[in-house]
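**Q** The structure's right below; bear with me while I get my questions together.
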Protein chains: 4
Amino acid sequence: MYFKIYAGGEFIEGSSELPVKRPFDDTLFATTWLADENILEKAIRKAMDVEEEVKELPAYERSLALSQISSRIVENEQEFAAAIANEAAKPIRYAAGEVRRAAQVFAVAAEEAKRLPREYMGLDWTPEAKNKEALVKYFPVGLIAGISPFNFPLNLAVHKIAPAIAAGCPVIHKPATSTPISTLKLAQLINETSLPKGTVSILPMDRKTGNRLVTDPRFQLLTFTGSPEAGWKMKEKAGRKKVVLELGGNAGTIITPSADLKHAVEQSVTGGFAYQGQVCIHAQRFFVHDSIFKPFINDMANKSSKLKFGSPLMADTDITVMINEENALRVENWVTEAVKSGAKVICGGRREGRYFEPTILTNTRPGMKVNCLEIFGPVITVEPYKDFTVAVNEVNNSNYGLQASVFTNQLDEMDYAFENIKSGGIIINSAPIFRVDHMVYGGVKDSGQGREGVKYAIREMMEPRLLVKNIS
Amino acid sequence: MYFKIYAGGEFIEGSSELPVKRPFDDTLFATTWLADENILEKAIRKAMDVEEEVKELPAYERSLALSQISSRIVENEQEFAAAIANEAAKPIRYAAGEVRRAAQVFAVAAEEAKRLPREYMGLDWTPEAKNKEALVKYFPVGLIAGISPFNFPLNLAVHKIAPAIAAGCPVIHKPATSTPISTLKLAQLINETSLPKGTVSILPMDRKTGNRLVTDPRFQLLTFTGSPEAGWKMKEKAGRKKVVLELGGNAGTIITPSADLKHAVEQSVTGGFAYQGQVCIHAQRFFVHDSIFKPFINDMANKSSKLKFGSPLMADTDITVMINEENALRVENWVTEAVKSGAKVICGGRREGRYFEPTILTNTRPGMKVNCLEIFGPVITVEPYKDFTVAVNEVNNSNYGLQASVFTNQLDEMDYAFENIKSGGIIINSAPIFRVDHMVYGGVKDSGQGREGVKYAIREMMEPRLLVKNIS
Amino acid sequence: MYFKIYAGGEFIEGSSELPVKRPFDDTLFATTWLADENILEKAIRKAMDVEEEVKELPAYERSLALSQISSRIVENEQEFAAAIANEAAKPIRYAAGEVRRAAQVFAVAAEEAKRLPREYMGLDWTPEAKNKEALVKYFPVGLIAGISPFNFPLNLAVHKIAPAIAAGCPVIHKPATSTPISTLKLAQLINETSLPKGTVSILPMDRKTGNRLVTDPRFQLLTFTGSPEAGWKMKEKAGRKKVVLELGGNAGTIITPSADLKHAVEQSVTGGFAYQGQVCIHAQRFFVHDSIFKPFINDMANKSSKLKFGSPLMADTDITVMINEENALRVENWVTEAVKSGAKVICGGRREGRYFEPTILTNTRPGMKVNCLEIFGPVITVEPYKDFTVAVNEVNNSNYGLQASVFTNQLDEMDYAFENIKSGGIIINSAPIFRVDHMVYGGVKDSGQGREGVKYAIREMMEPRLLVKNIS
Amino acid sequence: MYFKIYAGGEFIEGSSELPVKRPFDDTLFATTWLADENILEKAIRKAMDVEEEVKELPAYERSLALSQISSRIVENEQEFAAAIANEAAKPIRYAAGEVRRAAQVFAVAAEEAKRLPREYMGLDWTPEAKNKEALVKYFPVGLIAGISPFNFPLNLAVHKIAPAIAAGCPVIHKPATSTPISTLKLAQLINETSLPKGTVSILPMDRKTGNRLVTDPRFQLLTFTGSPEAGWKMKEKAGRKKVVLELGGNAGTIITPSADLKHAVEQSVTGGFAYQGQVCIHAQRFFVHDSIFKPFINDMANKSSKLKFGSPLMADTDITVMINEENALRVENWVTEAVKSGAKVICGGRREGRYFEPTILTNTRPGMKVNCLEIFGPVITVEPYKDFTVAVNEVNNSNYGLQASVFTNQLDEMDYAFENIKSGGIIINSAPIFRVDHMVYGGVKDSGQGREGVKYAIREMMEPRLLVKNIS
């Protein structure tokens, strides 16, 4: 199966082939191409050629194109899900969920495309501005560079492409080289619309070529989802362009005695092990009240051990391999290091090739890699706490701050958590992996800057222009 | 002490004298006048003469006038408080609080006068409106009639006058005939500003003359605070004008086991007996969880019996007489009726002239007047509940719906209350008499329609006008 | 062809047959039924049974139902258009436009159903509210009564039904008895959705039965589109319920020398004669600058005389008969009266049965019925002006204020018009009949109160509820 | 006259004296100190110590402190104005205006401190989020570094300090070393409030020490107003912190035939020569329609030649010296270069020490420094145009985009300008130097990024935090 890349409105072959393998069994899933600098340059020029045209598309045309893409994704849910399951080793159930979310992002963008921010205000607050009023209209920033990672190969790309179309910005997007197929399938649906050719390009690239998305001053905004290290380095090289960074974290979760324990355990298993923990908002660090620590950890171990391993293509598979052996090895090393320093393995802990067992550790310390870095694997740490404010401090004891959870039925705890947990989102009574696509999303501290969530992403892609006029 | 009335920008004597007595000892506090139809007519004409001028005042002039009035009230806090204490028999401590709130209303109105609602939006959602956009600006409705009651003689008038000035509407205001002095003192401060003379008139009137505020079609909006009976009747006679009704209620309060009991009792004493219960959002009906019913009722009785009776002018007075003997008699009758039908008096229950003791009843039934009508006196009923949803039903078992309280530390109870209690406001962990002046305020069911709270009151006094234009 | 009526979720026959004739040739188009009081009562009860369920539908369910209805209307555009053309004698071209707009209203409502108004604010503006904050959520008012007229038999009903569903309110709607078929066809599409049966009832009724929509206190809101006389009378009888009145007008249009004259004439012909002038925002009174008065009136006469008369079912028909002879006679009388008092007929002026020629009058005076009342027929008056501010005064010289137009390329004229024309909408460089369905719409003065335009209509159907809480 | 510097809540002497001279006559105006690294470090630590306390100040306390500062500035207007006139050689009339604007910024910040952005929204757009809702609250980013230039020594500092206090962020501010006195006087007023000591520090620093404001990672936001070169270099060194850059421009102004010529000339003289053109939004490049080019340039020359030169302390002085001879020389060189390449001097053109005459050039070309760079001196270029769209292109033919003006009474020209001029603000019928302090302000292209204008500046200093919860 060959997938052409999408450059400046045309499906073309690139300079060199890019084979895409199935992580589950290392077989070839499909072949596509890498774009070289010439192809990228052509895509940039084409995008700049249509920039004015894209900017001036009426709302109904931007909205209609986005709606059509959304509907077409829904029609092809199974096919998209299979592509994701194959290229990313994501259990098909989760893959289908990702596809539905991608459709939802386009649907919401179709609505927000008609509701771009504007303001109208009186200026007559001082005599100098008597009879003056102002309009503020937001205009698209111009050409956008998007870069997305392997773990939600479709939806994290969509969170850049759909808002760009809604805002009226052309966009050149680089998917992860390990998982480009679902995005290239999306390119086909984008190409069916009446959007000017060149509005969107989707180009797998090697790192060197991809680097031009960061450095080329013709891009007005770089929007990157990926690892903190990569993200912050890009920011340094990005020059004057705006940068949105959606990076990772090591989300904390607090389980209090007033929580519904059964529900908390179910959510925590999902939050900790869904897609092998390869999720930016993976629930990594658990703080459980003394009084329920034992039952919680027992139930967790029990439930985790029942997760069904299998091919990502099977409907009943809960867990499967990680994206590559390199990552599985890294996770193994971190766990081993923790155990050597005193951590106790409650369940899991072993690696077999690309597979790493769902693993629960306790007796860990904040400085261990399994706690202080982003593990991006199926490993969680669980520690008891006595005092809620101390638990909040533990959650905050991190360089990251993306999302965090508190399971509680106490109003004062919810309020305290909201006021004091330093992260982009606090989820009450659901796991930190909770995300719906129109909510504001993004991290503080090393977890990033700028926000996504359709209307927020659109806002980042626009800038205000003021008109001052008399009123008569 | 004589106070002239304020008609069309002039302080004049009216057609007949209006003596204002101190309810506490029935002595004469001050003398003012009633306006007759001629005076009212003159005030209306003057208001209509300046209507365009008021509408076109720049924001900074409306704002400056409102600020000045606010500052001047602050400077004269003691004098205003004494007037309220004298005319309304409001303990001076509460009276001073009312004065500060009135100053705050003008201060907030000074700010909101610069932030009148406006919208700017694209219309190009369909091809028919390609390249079209719209502005929406809110314009003042025109001449306003305000009517306010005796119980907050200053601040409830201010909640009509300040928003009217902010919105750019002239206003003719009728204070209660028993308590006109604090409002006439306000008139003096309004008159010091550079607002066009005639923007505000403050006219005590007998019922017949006052009725013209309701029926005269030159008023574009009637804003009334007072009893439900009076209010709904006015609506029937108001013709085409808009009507805002801020009426009363019989606020329910739920005390749950997770609440801080000490705090709940303190709040409940204040909520039930402050200003002798003559408050629209007086806490009238208490529903207390079984498990804490006894201690709650004991603490309440204990605290209530310690409330200090005295002259409203004394700093340590907690309670004093009601506004007149007629009302004290009514309260006595309702309590007697309840007791005859089986209600039990926990404390209080006796009348002496205009004074009625702080009274706690239990064993009441929903159909008793002390429950189903607005008591507007220092009487509360307290009943136990087992199930929170049943307690919510009891709160809802009323023709009224102004404010209600829930004392709880449970998140699910707060959420359930917000979704299910049918009243304008739900106050968590404070008494239902909680009100700050910029929050939205107003009732559902028989408690009224329309909303106050500075920016909301302003909104009622304005109407949108749309401009459709091309964008090039 | 028989159409059952839609009562409480069932298609039933009513108590008496209602034959629906084609105004064009007086032949029978279809037969339906009138609902009697029993049927109405059943529909009310069913609506109240499902009220809570409708209120609690999650946004995605309300939204999905609205989307489905929108799509199904689009699929059946031709059939709906034919129904409108037949029952209302609306030229099929305009009828198809109405159908597309109705689909658009449902589409927008599907989006707004997810964006109901809410607020979150700090209360700590004074020490009394330290650490307090507030949420404001809008809740559906409850059961709604809708009444719509013959002239946009589908879309004016849809402007009540779609917002009601979006807001979470059940609604009982009465279409005009002369044109109920398109709405009953809509009922079939509504019935296909998963909305609780009883959410929407569509019931043709005689005047007496329909009157209960006005007087029955179980309806929380009456939303009426129709004639000013009928509307204001309803308000008097409506009791405590909220009333939204979308009435008529006699829209003024100013043509200035800086306007594009050709464009202004084209727009004016449409504005004046589309659907035989039976439009609430029909362009009735023209004020044309002296310097271009002659060419304007000549071009108008020229263009008007070329309008093609024919059956509403023919694609090239521009104009056809009025809704009934009674109205055609009324228009004839008003024109005759004007001519007797000195008005000059530029073109048209004659009646033949239900047909009245597109008619241009000049030399009229403001007091003539053709100017001061709503003509609701194919008649316009055209007068010259010298000074723009005088022209604005002329536009304002009316009891009505729904929409008005100014054709100009001068900024100062646009600004002056916006500040000074007293009507709900000012349309620059298009005819006053301009309306897209998400813009705010509604009149001042005798033209009504309250606003439609999807999100504005929804807002009227909801009321705010405040939650006050501590922040920790 | 000695002014201590304000470090961590104390007025102290620094490590070395900083003499502040009057540019007008090179005499000593006052003496203050430079802060060294130790003092800066102390101020940083103190700021971080109080960070939590500042963040948690209730709105009324932040608001009250801001109000008090505003009032105290008003009380000391003359003294502040004299300081600015002395240190910055700003004519006292303009200096007084700057002081009033600074007071206004604090007044607006006092209001906005109570209106920090918040959101409340339903999440139930998909079944996954049934019964879920979200709150979004904005929290202060933390410690802020502010740097402001000499030309508005008070107000440009205030645009950083007042929003920081409103947002709840401590701030360390570096004024220009040539003009620190007015800001240090402000420090005295800030110190009078009850704000925690250390909330604000005002520290003159040499470049090397000041550089730590850019590089130290403890600052979460750098907000800089100054030259484009300096600003963009700072951004490169700023690391992960957010950066707001308010840089300069070479504002274009278009004068069309429909404009009021007299008014346009008056505005243009002010826009071109106020404060010797040392203004970020100085009107530098004029494009005047052919048909009025001659009269415009004649009137400009005439009016400019009448500007009164004198000491900045004299009430009737219009123009005076530039900030230093270096800048006057630079301007002289650019003008000389332009003249050598064919530019024609209409008036002015000569330098005398720090004084440079108000100068009008024509016959210039876009590539000349007087056009393509920011002249920051009393020099304007005036060129004729034939076609409005070409004039707009000329305005856009610049690396900068801060503000621009169009003098016109044509609606289509205003609309075209708003849609097509690429700058932060478009001012209709006033000079581009128009600014009131609550309007959104900031540039595109090389003119900066991020926005000021009180509520916008506050927004940059805060970041959103999401709370997701169930509704029951």
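Convention: chains lettered A, B, ... in structure tokens order; per-chain residue numbering from 1; ligands numbered from 1 as shown.
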Within 7 Å of chain C, which residues of chain B show up? Give each one with its shortest atom-to-atom distance in Å (one decimal) and the two atoms involved, counting only C-alpha atoms, rows by chain then rising residue number, as JSON lines.

**A**
{"residue": "B:Glu236", "atom": "CA", "partner": "C:Gly239", "partner_atom": "CA", "distance": 6.9}
{"residue": "B:Gly239", "atom": "CA", "partner": "C:Glu236", "partner_atom": "CA", "distance": 7.0}
{"residue": "B:Phe418", "atom": "CA", "partner": "C:Leu467", "partner_atom": "CA", "distance": 6.6}
{"residue": "B:Ser423", "atom": "CA", "partner": "C:Arg465", "partner_atom": "CA", "distance": 6.9}
{"residue": "B:Gly424", "atom": "CA", "partner": "C:Arg465", "partner_atom": "CA", "distance": 4.9}
{"residue": "B:Gly425", "atom": "CA", "partner": "C:Leu466", "partner_atom": "CA", "distance": 4.4}
{"residue": "B:Ile426", "atom": "CA", "partner": "C:Leu467", "partner_atom": "CA", "distance": 4.9}
{"residue": "B:Ile427", "atom": "CA", "partner": "C:Val468", "partner_atom": "CA", "distance": 4.8}
{"residue": "B:Ile428", "atom": "CA", "partner": "C:Lys469", "partner_atom": "CA", "distance": 5.1}
{"residue": "B:Val440", "atom": "CA", "partner": "C:Leu466", "partner_atom": "CA", "distance": 6.9}
{"residue": "B:Pro464", "atom": "CA", "partner": "C:Gly424", "partner_atom": "CA", "distance": 6.9}
{"residue": "B:Arg465", "atom": "CA", "partner": "C:Gly424", "partner_atom": "CA", "distance": 4.9}
{"residue": "B:Leu466", "atom": "CA", "partner": "C:Gly425", "partner_atom": "CA", "distance": 4.4}
{"residue": "B:Leu467", "atom": "CA", "partner": "C:Ile426", "partner_atom": "CA", "distance": 4.9}
{"residue": "B:Val468", "atom": "CA", "partner": "C:Ile427", "partner_atom": "CA", "distance": 4.8}
{"residue": "B:Lys469", "atom": "CA", "partner": "C:Ile428", "partner_atom": "CA", "distance": 5.1}

**Q** Can you list every residue in segment 329-458 of chain A that DSSP puts in strand (DSSP E or B), as number ranges by chain?

**A** A: 344-347, 351-352, 355-356, 359-362, 379-385, 400-401, 403-407, 410, 425-428, 441, 444-445, 448-449, 452

**Q** List every residue of segment 129-180 of chain D that DSSP, applied to the backbone of this structure, places in helix (DSSP H, G or I), and write the result as number ranges by chain.

**A** D: 129, 155-167

**Q** Do you know which residues are at most 8 Å from segment 221-228 of chain B counting only C-alpha atoms, after dropping those on the same chain fewer than 4 positions away, and could you put them as a list in words?

**A**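 These residues fall inside the cut-off: Val141, Gly142, Leu143, Ile144, Ala145, Gly146, Ile147, Ser148, Pro149, Leu156, Lys160, Leu213, Val214, Trp232, Ala238, Lys241, Lys242, Val243, Val244, Leu245, Glu246, Leu247, Gly248, Asp446, Ser447, Gly448 and Met461 of chain B.
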
**Q** Set the distance at 10 Å and use only C-alpha atoms: which residues neighbour Asp36 of chain A once local chain neighbours fewer than 5 positions away are removed? I'd like the list as a ChimeraX atom specification.

**A** /A:14-16,41,203-206,208-210

**Q** Between C:Thr183, C:Asn76, C:Asn420, C:Gln267, which has the minimum distance to Met300 of chain C (counting only C-alpha atoms)?

**A**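 Closest to Met300 of chain C, using only C-alpha atoms: C:Gln267.
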
**Q** Can you pull out the residues contacting Asn333 of chain C? Cut-off 12 Å, using only C-alpha atoms, and skip same-chain residues under 2 positions away; I want them as a list in words.

**A** Glu326, Asn327, Ala328, Leu329, Arg330, Val331, Val335, Thr336, Glu337, Ala338, Val339, Lys340, Gly349, Arg350, Arg351, Phe356, Met368, Lys369, Val370, Ile375, Gly377 and Val379 of chain C

**Q** Which residues come within 12 Å of Leu154 of chain D, counting only C-alpha atoms, excluding same-chain residues fewer than 6 positions away, as a PyMOL selection string?

**A** chain D and resi 73+77+80-85+87-88+90+95-103+105-106+147-148+160-162+173-176+179-187+202

**Q** What's around Thr362 of chain C at 9 Å? Count only C-alpha atoms, leave out sequence neighbours fewer than 5 positions away in its own chain, and write the answer as a ChimeraX atom specification.

**A** /C:343-346,380-384

**Q** Please compute the atom CA of Pro295 of chain B-atom CA of Ile281 of chain B distance, one decimal, in Å.

**A**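 Rounded to one decimal, the two atoms are 24.7 Å apart.
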